[in-house]
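To be precise, the following lines are coords29.txt, and they hold compact mmCIF, C-alpha atoms and all ligand atoms.
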```txt
# COMPACT_ATOMS: atom_id res chain seq x y z
CA MET A 1 22.82 18.27 -4.87
CA LYS A 2 20.01 16.59 -2.98
CA THR A 3 20.95 15.64 0.58
CA TYR A 4 18.84 13.07 2.42
CA LYS A 5 18.93 13.36 6.19
CA ILE A 6 19.00 9.96 7.84
CA ALA A 7 18.64 9.26 11.55
CA VAL A 8 20.63 6.15 12.44
CA ILE A 9 19.45 4.14 15.43
CA ALA A 10 21.79 1.17 15.47
CA GLY A 11 20.36 -0.23 18.71
CA ASP A 12 21.45 -3.49 20.26
CA GLY A 13 23.44 -6.63 19.55
CA ILE A 14 24.18 -7.08 15.88
CA GLY A 15 22.24 -3.88 15.05
CA PRO A 16 25.36 -1.67 14.88
CA GLU A 17 27.34 -4.37 13.06
CA VAL A 18 24.88 -4.72 10.19
CA LEU A 19 23.96 -1.02 9.92
CA ALA A 20 27.62 -0.09 9.40
CA GLU A 21 27.49 -2.09 6.16
CA GLY A 22 24.25 -0.49 4.99
CA ILE A 23 25.78 2.93 5.56
CA LYS A 24 28.80 1.90 3.51
CA VAL A 25 26.43 1.04 0.69
CA LEU A 26 24.63 4.38 0.91
CA ASN A 27 27.95 6.22 0.83
CA CYS A 28 28.97 4.21 -2.22
CA VAL A 29 25.70 5.11 -3.97
CA ALA A 30 26.21 8.80 -3.18
CA ALA A 31 29.79 8.75 -4.48
CA LEU A 32 28.81 7.04 -7.74
CA ASP A 33 25.75 9.21 -8.30
CA GLY A 34 27.39 12.54 -7.63
CA LYS A 35 24.05 14.35 -7.36
CA ILE A 36 22.75 12.88 -4.13
CA ALA A 37 24.24 12.79 -0.65
CA PHE A 38 23.33 11.29 2.70
CA ALA A 39 23.80 13.11 5.99
CA PHE A 40 23.77 10.69 8.90
CA GLU A 41 23.05 11.55 12.50
CA TYR A 42 23.62 8.82 15.05
CA PHE A 43 21.36 8.23 18.04
CA PRO A 44 22.66 6.01 20.85
CA TRP A 45 19.20 4.80 21.91
CA SER A 46 19.38 1.16 22.93
CA CYS A 47 19.17 -1.15 25.94
CA GLN A 48 22.56 0.11 27.11
CA TYR A 49 21.18 3.63 26.96
CA TYR A 50 18.22 2.46 29.03
CA LEU A 51 20.42 0.92 31.70
CA LYS A 52 22.27 4.23 32.01
CA HIS A 53 19.42 6.74 31.67
CA GLY A 54 16.30 4.78 32.58
CA LYS A 55 14.71 5.40 29.17
CA MET A 56 15.04 3.96 25.70
CA MET A 57 15.09 7.36 23.99
CA ASP A 58 15.28 10.99 25.03
CA ASP A 59 12.07 12.76 25.96
CA ASP A 60 12.25 14.94 22.86
CA GLY A 61 13.29 11.96 20.74
CA MET A 62 10.27 11.91 18.47
CA GLU A 63 10.48 15.66 17.84
CA ARG A 64 14.10 15.34 16.83
CA LEU A 65 13.47 12.34 14.59
CA ALA A 66 10.61 14.14 12.84
CA ALA A 67 13.14 16.38 11.07
CA PHE A 68 14.71 13.49 9.12
CA ASP A 69 13.89 12.10 5.70
CA ALA A 70 14.19 8.55 7.00
CA ILE A 71 15.20 6.47 9.98
CA TYR A 72 17.62 3.57 9.58
CA LEU A 73 17.22 1.14 12.46
CA GLY A 74 19.31 -1.90 13.41
CA ALA A 75 17.66 -3.94 16.15
CA VAL A 76 16.20 -3.29 19.56
CA GLY A 77 16.15 -5.64 22.55
CA TYR A 78 18.80 -7.32 24.64
CA PRO A 79 18.99 -9.58 27.69
CA GLY A 80 19.05 -7.38 30.78
CA VAL A 81 16.10 -5.21 29.78
CA PRO A 82 12.66 -6.80 29.46
CA ASP A 83 11.68 -6.94 25.80
CA HIS A 84 8.32 -5.25 26.28
CA ILE A 85 10.11 -2.29 27.89
CA SER A 86 12.77 -1.89 25.20
CA LEU A 87 10.47 -2.46 22.24
CA TRP A 88 7.61 -0.30 23.47
CA GLY A 89 10.12 2.38 24.47
CA LEU A 90 11.67 2.73 21.02
CA LEU A 91 10.74 0.63 17.98
CA LEU A 92 6.98 0.46 18.55
CA THR A 93 6.86 4.09 19.73
CA ILE A 94 8.36 5.17 16.42
CA ARG A 95 6.17 2.95 14.25
CA LYS A 96 3.03 4.21 15.97
CA GLY A 97 4.10 7.78 16.64
CA PHE A 98 5.05 8.35 13.02
CA ASP A 99 1.97 6.50 11.77
CA GLN A 100 4.08 4.04 9.80
CA TYR A 101 1.04 1.93 9.26
CA VAL A 102 2.39 -0.02 6.29
CA ASN A 103 5.05 -2.62 6.91
CA LEU A 104 6.38 -3.79 3.55
CA ARG A 105 8.24 -7.07 3.75
CA PRO A 106 9.48 -8.67 0.54
CA ILE A 107 9.69 -12.46 0.62
CA GLN A 108 11.61 -13.06 -2.52
CA LEU A 109 14.05 -15.86 -3.21
CA LEU A 110 17.00 -14.18 -4.87
CA GLU A 111 19.23 -16.07 -7.23
CA GLY A 112 21.93 -17.76 -5.21
CA ALA A 113 19.94 -17.75 -1.96
CA HIS A 114 19.21 -21.09 -0.38
CA CYS A 115 15.63 -22.31 -0.03
CA PRO A 116 15.38 -25.20 2.43
CA ILE A 117 12.34 -26.66 0.65
CA LYS A 118 13.16 -29.39 -1.82
CA GLY A 119 12.32 -28.74 -5.45
CA ILE A 120 11.40 -25.07 -5.13
CA GLU A 121 12.35 -22.78 -7.99
CA ARG A 122 13.32 -19.18 -7.47
CA GLN A 123 10.24 -17.85 -9.27
CA GLN A 124 7.97 -19.70 -6.85
CA VAL A 125 8.94 -17.54 -3.87
CA ASP A 126 8.19 -13.96 -4.85
CA MET A 127 5.75 -12.12 -2.63
CA MET A 128 5.31 -8.81 -0.92
CA VAL A 129 3.74 -8.98 2.51
CA VAL A 130 1.81 -5.84 3.44
CA ARG A 131 1.58 -6.03 7.21
CA GLU A 132 -0.69 -3.71 9.22
CA ASN A 133 1.78 -1.90 11.45
CA SER A 134 -0.09 0.49 13.71
CA GLU A 135 -2.81 -1.33 15.66
CA GLY A 136 -4.50 -4.74 15.65
CA GLU A 137 -3.09 -7.25 18.09
CA TYR A 138 -0.19 -4.86 18.82
CA ALA A 139 -2.34 -1.93 19.88
CA GLY A 140 -0.98 -2.21 23.39
CA ALA A 141 -4.47 -2.01 24.86
CA GLY A 142 -5.32 -4.10 27.88
CA ASP A 143 -5.02 -4.43 31.59
CA TRP A 144 -3.49 -6.57 34.31
CA LEU A 145 -5.96 -6.91 37.11
CA PHE A 146 -5.41 -8.31 40.61
CA LYS A 147 -1.71 -8.80 39.83
CA GLY A 148 -0.22 -11.62 41.83
CA LYS A 149 -3.54 -12.57 43.39
CA PRO A 150 -5.37 -15.84 42.81
CA GLU A 151 -8.06 -13.97 40.87
CA GLU A 152 -5.47 -12.43 38.53
CA VAL A 153 -6.83 -11.52 35.07
CA VAL A 154 -4.89 -10.30 32.03
CA LEU A 155 -6.52 -8.62 29.04
CA GLN A 156 -4.78 -7.95 25.74
CA THR A 157 -7.23 -6.30 23.42
CA GLY A 158 -6.97 -6.34 19.64
CA VAL A 159 -7.92 -2.99 18.18
CA PHE A 160 -9.16 -2.88 14.60
CA SER A 161 -10.44 0.56 13.68
CA ARG A 162 -12.31 1.15 10.44
CA LYS A 163 -9.75 3.75 9.43
CA GLY A 164 -6.80 1.50 10.28
CA THR A 165 -8.24 -1.56 8.58
CA GLU A 166 -9.43 0.25 5.47
CA ARG A 167 -6.21 2.11 4.80
CA ILE A 168 -3.93 -0.93 4.96
CA ILE A 169 -6.25 -3.01 2.79
CA ARG A 170 -6.60 -0.18 0.28
CA TYR A 171 -2.82 0.21 0.18
CA ALA A 172 -2.50 -3.50 -0.67
CA TYR A 173 -5.14 -3.30 -3.40
CA GLU A 174 -3.39 -0.29 -4.90
CA LEU A 175 -0.07 -2.13 -4.87
CA ALA A 176 -1.65 -5.19 -6.49
CA ARG A 177 -3.24 -3.02 -9.18
CA LYS A 178 -0.03 -1.08 -9.83
CA THR A 179 2.08 -4.22 -10.12
CA GLY A 180 -0.54 -6.37 -11.88
CA ARG A 181 -0.27 -9.05 -9.22
CA THR A 182 -2.83 -11.05 -7.25
CA LEU A 183 -3.81 -10.04 -3.74
CA THR A 184 -4.22 -12.55 -0.93
CA ASN A 185 -5.96 -11.67 2.32
CA ILE A 186 -4.80 -13.67 5.35
CA SER A 187 -7.00 -13.58 8.43
CA LYS A 188 -8.76 -15.81 10.94
CA ALA A 189 -12.48 -15.10 10.98
CA ASN A 190 -13.50 -18.59 12.06
CA ALA A 191 -12.15 -18.06 15.58
CA LEU A 192 -11.70 -14.29 15.91
CA ASN A 193 -15.39 -13.60 15.58
CA TYR A 194 -15.24 -9.82 15.90
CA SER A 195 -11.90 -8.53 14.65
CA MET A 196 -11.33 -10.83 11.72
CA VAL A 197 -14.95 -10.99 10.62
CA PHE A 198 -14.72 -7.21 10.41
CA TRP A 199 -11.34 -7.38 8.65
CA ASP A 200 -12.68 -9.77 6.01
CA SER A 201 -15.76 -7.64 5.42
CA VAL A 202 -13.56 -4.58 4.87
CA PHE A 203 -11.42 -6.61 2.46
CA GLU A 204 -14.52 -7.40 0.46
CA GLU A 205 -15.91 -3.87 0.67
CA VAL A 206 -12.72 -2.15 -0.48
CA GLY A 207 -12.33 -4.82 -3.15
CA ARG A 208 -15.44 -3.47 -4.93
CA ASP A 209 -13.28 -0.54 -6.04
CA TYR A 210 -10.75 -2.96 -7.56
CA PRO A 211 -12.64 -5.37 -9.81
CA ASP A 212 -9.46 -5.73 -11.87
CA VAL A 213 -7.49 -7.23 -8.95
CA LYS A 214 -7.69 -11.01 -8.60
CA THR A 215 -8.03 -11.92 -4.91
CA TYR A 216 -7.73 -14.94 -2.66
CA SER A 217 -8.43 -15.41 1.05
CA TYR A 218 -6.89 -17.84 3.49
CA LEU A 219 -7.12 -18.54 7.18
CA VAL A 220 -3.72 -17.89 8.73
CA ASP A 221 -3.14 -21.47 9.83
CA ALA A 222 -3.71 -22.85 6.35
CA ALA A 223 -1.73 -19.97 4.85
CA SER A 224 1.29 -20.91 6.98
CA MET A 225 1.08 -24.41 5.61
CA PHE A 226 0.88 -23.14 2.03
CA PHE A 227 3.82 -20.75 2.57
CA ILE A 228 5.88 -23.94 2.83
CA ARG A 229 3.97 -26.33 0.60
CA ASP A 230 3.14 -24.01 -2.27
CA PRO A 231 4.53 -20.49 -1.85
CA GLN A 232 3.78 -19.54 -5.44
CA ARG A 233 0.15 -19.06 -4.47
CA PHE A 234 1.11 -15.77 -2.85
CA GLN A 235 1.98 -12.54 -4.64
CA ILE A 236 0.78 -9.48 -2.73
CA VAL A 237 -0.32 -10.50 0.77
CA VAL A 238 -2.23 -8.32 3.21
CA THR A 239 -2.56 -9.28 6.84
CA SER A 240 -2.79 -8.04 10.41
CA ASN A 241 0.08 -6.95 12.65
CA LEU A 242 0.62 -10.20 14.56
CA PHE A 243 -0.02 -12.54 11.65
CA GLY A 244 2.31 -10.46 9.48
CA ASP A 245 5.03 -10.62 12.11
CA ILE A 246 4.90 -14.39 12.30
CA LEU A 247 4.39 -15.07 8.60
CA THR A 248 7.36 -12.93 7.59
CA ASP A 249 9.80 -14.85 9.80
CA LEU A 250 8.39 -17.97 8.19
CA GLY A 251 8.78 -16.30 4.82
CA ALA A 252 12.35 -15.35 5.66
CA ALA A 253 13.10 -19.00 6.35
CA ILE A 254 12.07 -20.02 2.82
CA ALA A 255 13.80 -17.07 1.14
CA GLY A 256 17.35 -17.40 2.40
CA GLY A 257 17.03 -16.90 6.15
CA MET A 258 16.77 -14.11 8.68
CA GLY A 259 20.02 -12.63 7.46
CA LEU A 260 18.37 -11.66 4.21
CA ALA A 261 14.91 -10.42 5.24
CA ALA A 262 14.25 -6.69 5.06
CA GLY A 263 11.36 -4.48 6.00
CA ALA A 264 10.15 -0.93 5.47
CA ASN A 265 7.85 0.87 7.91
CA ILE A 266 6.10 3.37 5.69
CA ASN A 267 4.02 6.44 6.37
CA PRO A 268 2.54 6.66 2.87
CA GLU A 269 1.35 10.24 3.32
CA ARG A 270 4.96 11.26 4.07
CA ARG A 271 3.86 13.39 6.97
CA TYR A 272 6.49 11.65 9.04
CA PRO A 273 9.75 9.91 8.27
CA SER A 274 9.53 6.25 7.32
CA MET A 275 11.82 3.70 8.93
CA PHE A 276 13.93 1.00 7.30
CA GLU A 277 15.28 -2.04 9.12
CA PRO A 278 16.18 -5.68 8.80
CA ILE A 279 13.30 -7.73 10.21
CA HIS A 280 15.59 -9.77 12.41
CA GLY A 281 16.39 -8.91 16.01
CA SER A 282 19.60 -8.21 17.88
CA ALA A 283 20.70 -11.87 17.72
CA PRO A 284 22.43 -12.00 21.13
CA ASP A 285 23.70 -15.49 20.28
CA ILE A 286 26.10 -14.13 17.63
CA ALA A 287 26.48 -10.47 18.66
CA GLY A 288 29.98 -9.01 18.89
CA LYS A 289 31.59 -11.71 16.79
CA GLY A 290 31.51 -9.89 13.47
CA VAL A 291 29.66 -12.75 11.78
CA ALA A 292 26.16 -11.31 11.42
CA ASN A 293 24.79 -11.27 7.91
CA PRO A 294 24.43 -7.64 6.78
CA LEU A 295 22.41 -8.41 3.64
CA ALA A 296 19.01 -7.82 5.28
CA ALA A 297 20.17 -4.41 6.48
CA ILE A 298 21.51 -3.70 2.99
CA TRP A 299 18.27 -4.81 1.35
CA SER A 300 16.43 -2.34 3.58
CA VAL A 301 18.73 0.35 2.16
CA SER A 302 17.41 -0.66 -1.25
CA GLN A 303 13.87 -0.12 0.07
CA MET A 304 14.92 3.27 1.44
CA LEU A 305 16.25 4.30 -1.96
CA ASP A 306 12.96 3.25 -3.56
CA HIS A 307 11.13 5.38 -1.01
CA PHE A 308 13.36 8.35 -1.88
CA ASP A 309 12.27 7.93 -5.53
CA GLN A 310 15.75 6.65 -6.33
CA ALA A 311 14.36 3.33 -7.58
CA GLU A 312 17.17 2.95 -10.12
CA TRP A 313 19.61 2.79 -7.23
CA GLY A 314 17.28 0.60 -5.22
CA LYS A 315 17.40 -1.89 -8.06
CA VAL A 316 21.17 -1.73 -8.37
CA VAL A 317 21.62 -2.44 -4.65
CA LEU A 318 19.32 -5.46 -4.85
CA GLN A 319 21.10 -6.70 -7.96
CA ALA A 320 24.43 -6.36 -6.19
CA ILE A 321 23.15 -8.43 -3.25
CA GLU A 322 21.99 -11.07 -5.70
CA LYS A 323 25.31 -11.16 -7.52
CA VAL A 324 27.22 -11.53 -4.26
CA LEU A 325 24.94 -14.47 -3.42
CA VAL A 326 25.50 -16.06 -6.81
CA GLN A 327 29.26 -15.62 -6.57
CA GLY A 328 28.99 -17.43 -3.25
CA ASN A 329 32.56 -16.88 -2.09
CA CYS A 330 31.87 -14.09 0.39
CA LEU A 331 28.99 -15.10 2.64
CA THR A 332 28.51 -15.19 6.41
CA PRO A 333 28.21 -18.49 8.36
CA ASP A 334 24.37 -18.44 8.40
CA MET A 335 24.64 -18.87 4.62
CA GLY A 336 27.28 -21.53 4.82
CA GLY A 337 30.24 -19.20 4.33
CA THR A 338 33.13 -18.06 6.48
CA ALA A 339 33.15 -14.34 5.65
CA LYS A 340 32.89 -11.60 8.25
CA THR A 341 30.12 -9.00 8.29
CA ASP A 342 32.32 -6.19 6.95
CA ALA A 343 33.73 -8.35 4.15
CA VAL A 344 30.21 -8.97 2.86
CA GLY A 345 29.49 -5.24 2.98
CA ASP A 346 32.70 -4.61 1.03
CA ALA A 347 31.70 -7.25 -1.53
CA VAL A 348 28.33 -5.55 -2.09
CA VAL A 349 30.03 -2.17 -2.48
CA ALA A 350 32.48 -3.64 -5.00
CA MET A 351 29.60 -5.21 -6.91
CA ILE A 352 27.64 -1.95 -7.04
CA THR A 353 30.72 -0.18 -8.35
CA GLN A 354 31.18 -2.86 -11.00
CA LEU A 355 27.50 -2.74 -12.01
CA LYS A 356 27.62 1.03 -12.48
CA ARG A 357 30.95 1.15 -14.27
P1 LIG A 401 16.58 -12.72 16.23
O1 LIG A 401 16.03 -12.36 14.91
O2 LIG A 401 17.47 -11.73 16.87
O3 LIG A 401 17.39 -14.09 16.10
C1 LIG A 401 16.79 -15.32 15.69
C2 LIG A 401 17.87 -16.26 15.12
O4 LIG A 401 18.28 -15.77 13.84
C3 LIG A 401 19.14 -16.29 15.97
O5 LIG A 401 19.68 -17.59 15.96
C4 LIG A 401 20.09 -15.33 15.26
O6 LIG A 401 21.45 -15.62 15.43
C5 LIG A 401 19.66 -15.50 13.81
N1 LIG A 401 19.89 -14.24 13.06
C6 LIG A 401 19.12 -13.12 13.12
N2 LIG A 401 19.63 -12.17 12.35
C7 LIG A 401 20.74 -12.67 11.79
C8 LIG A 401 21.72 -12.14 10.89
N3 LIG A 401 21.65 -10.90 10.41
N4 LIG A 401 22.77 -12.94 10.54
C9 LIG A 401 22.85 -14.20 11.01
N5 LIG A 401 21.96 -14.75 11.85
C10 LIG A 401 20.92 -13.99 12.24
O7 LIG A 401 15.34 -13.07 17.17
P2 LIG A 401 15.26 -13.33 18.75
O8 LIG A 401 16.45 -14.12 19.17
O9 LIG A 401 13.93 -13.86 18.97
O10 LIG A 401 15.33 -11.89 19.41
C11 LIG A 401 16.48 -11.30 19.99
C12 LIG A 401 16.15 -9.91 20.50
O11 LIG A 401 15.82 -9.06 19.41
C13 LIG A 401 14.94 -9.86 21.43
O12 LIG A 401 15.21 -8.88 22.39
C14 LIG A 401 13.81 -9.43 20.53
O13 LIG A 401 12.76 -8.79 21.21
C15 LIG A 401 14.51 -8.47 19.62
N6 LIG A 401 13.90 -8.29 18.30
C16 LIG A 401 14.00 -7.04 17.76
C17 LIG A 401 13.55 -6.81 16.47
C18 LIG A 401 13.69 -5.45 15.89
O14 LIG A 401 14.34 -4.60 16.48
N7 LIG A 401 13.12 -5.19 14.74
C19 LIG A 401 13.02 -7.87 15.72
C20 LIG A 401 12.95 -9.13 16.29
C21 LIG A 401 13.41 -9.34 17.58
C1 LIG A 402 9.52 -7.37 13.97
C2 LIG A 402 9.72 -7.62 15.45
C3 LIG A 402 8.86 -6.67 16.26
C4 LIG A 402 7.41 -6.89 15.88
C5 LIG A 402 9.03 -6.84 17.77
C6 LIG A 402 10.46 -6.76 18.15
C7 LIG A 402 8.17 -5.90 18.54
O1 LIG A 402 9.46 -8.95 15.75
O2 LIG A 402 9.76 -6.25 13.53
O3 LIG A 402 9.16 -8.31 13.26
O4 LIG A 402 6.79 -7.84 16.36
O5 LIG A 402 6.91 -6.11 15.11
MN MN A 403 9.21 -10.20 14.00
```
Translate this file's structure into structure tokens.
Amino acid sequence: MKTYKIAVIAGDGIGPEVLAEGIKVLNCVAALDGKIAFAFEYFPWSCQYYLKHGKMMDDDGMERLAAFDAIYLGAVGYPGVPDHISLWGLLLTIRKGFDQYVNLRPIQLLEGAHCPIKGIERQQVDMMVVRENSEGEYAGAGDWLFKGKPEEVVLQTGVFSRKGTERIIRYAYELARKTGRTLTNISKANALNYSMVFWDSVFEEVGRDYPDVKTYSYLVDAASMFFIRDPQRFQIVVTSNLFGDILTDLGAAIAGGMGLAAGANINPERRYPSMFEPIHGSAPDIAGKGVANPLAAIWSVSQMLDHFDQAEWGKVVLQAIEKVLVQGNCLTPDMGGTAKTDAVGDAVVAMITQLKR
């Protein structure tokens, strides 16, 4: 029996609601498989925790998390605690501290999911965004000088190291080669005359090792337009931290909505645990009502299974999500249904069981 140790950080708002359904799915997989098990440990770190203890996680938090095979995270951030405090105190600390420098975000229109663009076929929205996840615009470097004075100055410095830029671009080339897909670089070298000129030159340099990979390059503004106008241009996409953040919400909108968009924060060297999460936030507007869509959190379970080299199961979970979408009678309100969060989780579990029978 192989037991995977999973640290669960449900976090804020709808985080706990959607993670409960992902955990149901993992338990179902374990029961059907018989040879794998999941041991969950729950961490209460959240904005509520902050309001009580003055910190988003315990001082030895990272040491304790390091012992797990993976982290399953819901959402962090809630009114009452400034977002930069809650996010830098937990989510971003983990991504950086565990060198999860690859953020893998599938933008894939599943059968049965609604695309708001007229005339778009399912096959036309099928990309994998490889977002740089450790530095760039989110390096957290800067200063706030003369605060509150008329001469106030704020600096937010983008940090693009050679190591950081090379490794993410190489990862994307490898993925493109392995999957036989095209690779598109999205940057902004016309205006960002240091960081993105450097980024593009590294893209070209690393590309010399991959003559077999067909590449394209876009400026991020034009790329956003083409995400909507002609998404089939994009297969594997590599981009910086900030651009990847924005483009994947946009991507979510054309691939069924925020309720369906998943992401994996990967430390490819496996020195540290990787972290799996829906890409949406805590959704304060619908929290506590039991109507949040759990499918993004469940899709991230599928990514976790892939990461555990249980790709067969990863595929089954994704297929089950797709079949629940196609069936269409058990969906949350964001997808036009009336079902509750836990009913959708139950429907996925039933579908997995049926698929494996
Ligand atoms: P959000 O993603 O929480 O919500 C945006 C919109 O999408 C809302 O209308 C919400 O109801 C809807 N939505 C999101 N997930 C949904 C789901 N599963 N089912 C149905 N509808 C869903 O973004 P926001 O409102 O900008 O941010 C809210 C808080 O979450 C902020 O504190 C923000 O910093 C934080 N945040 C955290 C993460 C994370 O932990 N990974 C990601 C994004 C935002
Ligand atoms: C995401 C989120 C985070 C990010 C925030 C909450 C810091 O928007 O995971 O997409 O920008 O990375
Ligand atoms: Mn985001």
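The residue that comes closest to A:Leu242, out of A:Glu121, A:Val154, A:Ala292, A:Glu135 and on the basis of only C-alpha atoms, is A:Glu135.
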Item checked: Test item: residues lying within 9 Å of ligand LIG 401 (chain A) with all atoms listed in the file, as a PyMOL selection string -> chain A and resi 11-15+18+73-79+81-84+86-87+91+249+257-261+263+277-287+291-297+332-335+341
Notebook entry, point to check: Neighbours of A:Asp99 within 10 Å (all atoms listed in the file; same-chain residues fewer than 4 positions away dropped), as a PyMOL selection string?
Noted result: chain A and resi 93-95+133-135+265-274
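For the set A:Gly54, A:Gly61, A:Gly164, A:Gly136, the residue with the smallest atom-to-atom gap to ligand LIG 402 (chain A) is A:Gly136, counting only C-alpha atoms and all ligand atoms.
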Margin query: Please list as a ChimeraX atom specification every residue within 10 Å of stretch 212-219 of chain A, counting only C-alpha atoms and excluding residues in the same chain fewer than 5 positions away.
Written below: /A:173-178,180-191,196,200,203-204,207,224,226,233-234,236-238
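The coordinates place atom CA of A:Ala262 at 19.3 Å from atom CA of A:Asn27.
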Check: Which of these residues is nearest to ligand LIG 402 (chain A), using all atoms listed in the file: A:Arg64, A:Arg105, A:Arg170, A:Lys35?
Finding: A:Arg105
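Ranking A:Met128, A:Glu205, A:Pro16, A:Gly336 by their shortest atom-to-atom distance to A:Gly288, with all atoms listed in the file included, puts A:Pro16 first.
Minimum atom-to-atom distance to ligand MN 403 (chain A), evaluated using all atoms listed in the file, belongs to A:Asp245 out of A:Asp245, A:Asp346, A:Asp60, A:Asp309.
As for atom CA of A:Ile254 and atom CA of A:Pro116, they are spaced 6.2 Å apart.
In this structure, atom CA of A:Val316 sits 6.6 Å away from atom CA of A:Ile352.
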